[in-house]
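Asks: The structure follows.
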Amino acid sequence: MTTSPKTRNFRIDFKTAGPAIALLILCVIGFLLNPAFISEGNITNLLTRSAFIGIIAVGATFVITAGGIDLSVGSMAAVIAGVMIIVMNGAVDTFGTGVTTVLIGCGCSIILGLGAGWVNGVLTTKGKIEAFIVTLGTMGIYRSLVTYFADGGTLSLNYDIRGTYRPVYYDSFFGLPIPVWVFIVVAICGWLLLNRTAFGRYCTAIGSNESVAQYSAIKVDRIKTLTFVIQGLCVSLATIIYVPRLGSASSSTGVLWELEAIAAVIIGGTVLKGGYGRIGGTILGALILTTIGNILNFTDMISNYLNGTMQGLIIIVAVWLQRGEWGRTKHKTE
Amino acid sequence: MKKLGKISALVAAATLSIAGSATAQDKIKIGVSYPTPTHAWAAGMNWHAEKAEERLEALYPDVDLILVNSPDPGAQASALEDLVSVHQIDALVVLPFESEPLTDPVLNVKKSGALITVVDRGLSQPGIEDIYVAGNNPELGRVSAQYMKTRLNEGDNIVVLRGIPTLIDNERFDAFMAEMEGSGVNILDHKHANWNRDDGFEVMQDFLSRFPDIDAVWAQDDDIAIGVVAALKQAGRDGDGMFVVGGAGMKETIKGIMDGNELVPVDVLYPPAMIATAMDVTVAAFKSNGPVAGRYILGATLITKDNAEQFYFPDSPF
């Protein structure tokens, strides 16, 4: 069979580049199913679609690395989108339908995102409630608030503002749609913050062992709250590029985004119980999730009812690949 | 024990006062129970129920309609009990959250002697309801397919976006496929878009990448259709006689039809206002000299430019 050093290389490749290989395999499958998969249009759609979950997942990487979890992001996105629409519609009378109104909407989104993240953080740290429970609570609150604001229906953005705001989702800049640029910028900032700053090292330290971090004079509460604030900021950025797509928000906006974001983070190699985070992996994770959905729409070989099964299987296999344990056991038995 | 005595005394007092108030007024009390609106269609239903309450109570001063909405099947079962014990209703109009868990609670209301009207979602046992009012899901599929056939020729291609995998979705889809059979129109593929704008947008984007030649889209639902239209416009494939058929009767869609929108030229009705129909029929059971018990299956009317106005409610949330 294979020689020993070769096997080791093979294994190491899988451990570090697992998500990338999984994505590559998916793309090959997609191409084999239908060559239109690699058409420019489809690749652009894929990247743009990944931007929402991807941006949110970059924030989630910080929260999870520091040992927390945020279940409220999907509902938070929905309520921020709802309030943005209400605010922009309300600002039409005073500020017209131009860029000013859109900027007011975006500003409002960022303030709400930071505020909502801060609430999650403070309740977790100062309130001494588990992040899971806090964000489960705020998830319900935000979801019902958007239903309430929309009177159970759908909030729609004023038609003329939509004209002004539409390019933010649909226009391109140097061949890449604007949401993809936002995604790239957020990813780079996230990577620098996690890997090149004291803050990033503190997150990892807190996630590994909170007590030790405390004794090492790390301001644990402040850092943990900040991770939730970053998460909130990421949600508000994702919402800013989401709203111009269809110009509406309802109670079905952002449903299950929290789980997709968490799945993207874990597929990417971040450890769910904290202490180790990988922004690059998270981005690949988000791309993998979107690609699965895209491929399933490209084929009628698999029953529609089994879409969830395929997604579940691919998520598990992707994580299994990068954990790499299987390679080691195989090597031993040889 | 002392506490228990206190409570039972309270309960007795409460029962007395309720009995007192019930004899004081001999109004016809009709309970109306439906799920708390969490999506646009249900919000429209809520709006129409409130409108019908206003209108009927103004018309008949001795009719009292009591509207209750519940967030889950358990809460709805409790709400039904309260309608009987607290309000002592003479009739119940109910849109069950789910058929199975609400069959027994509705049966209990019937045992109290109330007239039962069931709306939209049937109960799991036959013969409980006196009046049944519902939309027609297979008809929605059939009417959509009939319209498609008037616009398309042999060899044309369509794609289908479906709702959430449920019985309702299957009924619509199966009837559509049966009607399309033998027409020579190719149905390229069908995918679930979950009655949701975002999913409609993404599924349609993928259909557009996958199939270079699509002549029409059956989106089954107005929310999905909004996503489909956005995807068509993004890809610049909204011209050349392309059209999208949705369903339900959303006010924005109907307004578009009135204004002559060529991309979404028609809609197929699955009206949230059916709750108002049910309330009307139930009141008629007390007021009309004609018999009203029976099954009322509403038509899945094709809404075109000519008749759109009568289905347009600008104040409704849907």
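How things are named: the first chain in the structure tokens is A, the next is B, and so on; residues count from 1 in each chain; ligands count from 1 in the order shown.
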Compute the chain B side of the contact with chain A at 6 Å, counting only C-alpha atoms, and hand it back as a tab-separated table (two decimals) with N, CA and C atoms, in the first residue's frame.
Replies:
chain	number	residue	atom	x	y	z
B	37	PRO	N	-51.68	35.06	14.35
B	37	PRO	CA	-51.02	35.26	13.05
B	37	PRO	C	-49.51	35.40	13.21
B	38	THR	N	-48.76	34.53	12.55
B	38	THR	CA	-47.30	34.64	12.54
B	38	THR	C	-46.78	34.77	11.13
B	39	HIS	N	-47.67	34.68	10.14
B	39	HIS	CA	-47.23	34.96	8.77
B	39	HIS	C	-48.31	35.77	8.09
B	40	ALA	N	-47.97	36.30	6.92
B	40	ALA	CA	-48.82	37.32	6.30
B	40	ALA	C	-50.23	36.81	6.04
B	43	ALA	N	-52.17	36.84	9.11
B	43	ALA	CA	-52.44	38.21	9.54
B	43	ALA	C	-53.63	38.76	8.75
B	209	SER	N	-29.71	29.54	-13.55
B	209	SER	CA	-28.36	29.11	-13.92
B	209	SER	C	-28.41	27.77	-14.64
B	210	ARG	N	-29.35	26.93	-14.18
B	210	ARG	CA	-29.37	25.55	-14.64
B	210	ARG	C	-30.07	25.42	-16.00
B	317	PRO	N	-53.38	43.56	6.11
B	317	PRO	CA	-51.92	43.37	6.09
B	317	PRO	C	-51.48	42.38	5.02
Asks: Fewer than 2 positions away in the same chain doesn't count, so skip those; otherwise give me all residues within 10 Å of Leu140 of chain B, counting only C-alpha atoms, as number ranges by chain.
Replies: B: 135-138, 142-146, 171-173, 175-176, 220, 246-248, 267-270, 299-302
Asks: Using only C-alpha atoms for the distances, tell me which of A:Val134, A:Thr197, A:Ala238, A:Val212 is nearest to Ala51 of chain A.
Replies: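 Of A:Val134, A:Thr197, A:Ala238, A:Val212, the one nearest Ala51 of chain A is A:Ala238, counting only C-alpha atoms.
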Asks: For Val159 of chain B, which residue among B:Val217, B:Ile131, B:Val84, B:Val68 is the nearest when counting only C-alpha atoms?
Replies: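 So, comparing all the options, the nearest one is B:Val217.
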Asks: According to DSSP computed on the backbone, where in segment 40-160 of chain A is there alpha helix (DSSP H)? Give the residues as a ChimeraX atom specification.
Replies: /A:40-65,73-95,99-125,131-149,159-160
Asks: Could you pull the residues within 7 Å of segment 280-294 of chain B, counting only C-alpha atoms, minus those fewer than 3 positions along the same chain, as a compact mmCIF listing (two decimals) with N, CA, C and O atoms, in the first residue's frame?
Replies:
# COMPACT_ATOMS: atom_id res chain seq x y z
N THR B 117 -68.58 25.28 13.45
CA THR B 117 -68.15 25.58 12.09
C THR B 117 -66.63 25.42 12.04
O THR B 117 -65.91 26.04 12.82
N ASP B 130 -70.89 21.04 11.98
CA ASP B 130 -72.16 21.24 11.28
C ASP B 130 -71.92 21.96 9.97
O ASP B 130 -72.63 21.75 8.99
N ILE B 131 -70.91 22.86 10.00
CA ILE B 131 -70.62 23.66 8.81
C ILE B 131 -69.12 23.57 8.56
O ILE B 131 -68.32 23.63 9.50
N TYR B 132 -68.72 23.41 7.31
CA TYR B 132 -67.30 23.36 6.97
C TYR B 132 -67.06 24.36 5.84
O TYR B 132 -67.74 24.35 4.83
N ALA B 276 -64.17 35.07 7.30
CA ALA B 276 -65.35 35.94 7.31
C ALA B 276 -66.55 35.20 6.73
O ALA B 276 -67.66 35.29 7.25
N THR B 277 -66.29 34.42 5.66
CA THR B 277 -67.37 33.60 5.08
C THR B 277 -67.94 32.68 6.16
O THR B 277 -69.15 32.57 6.33
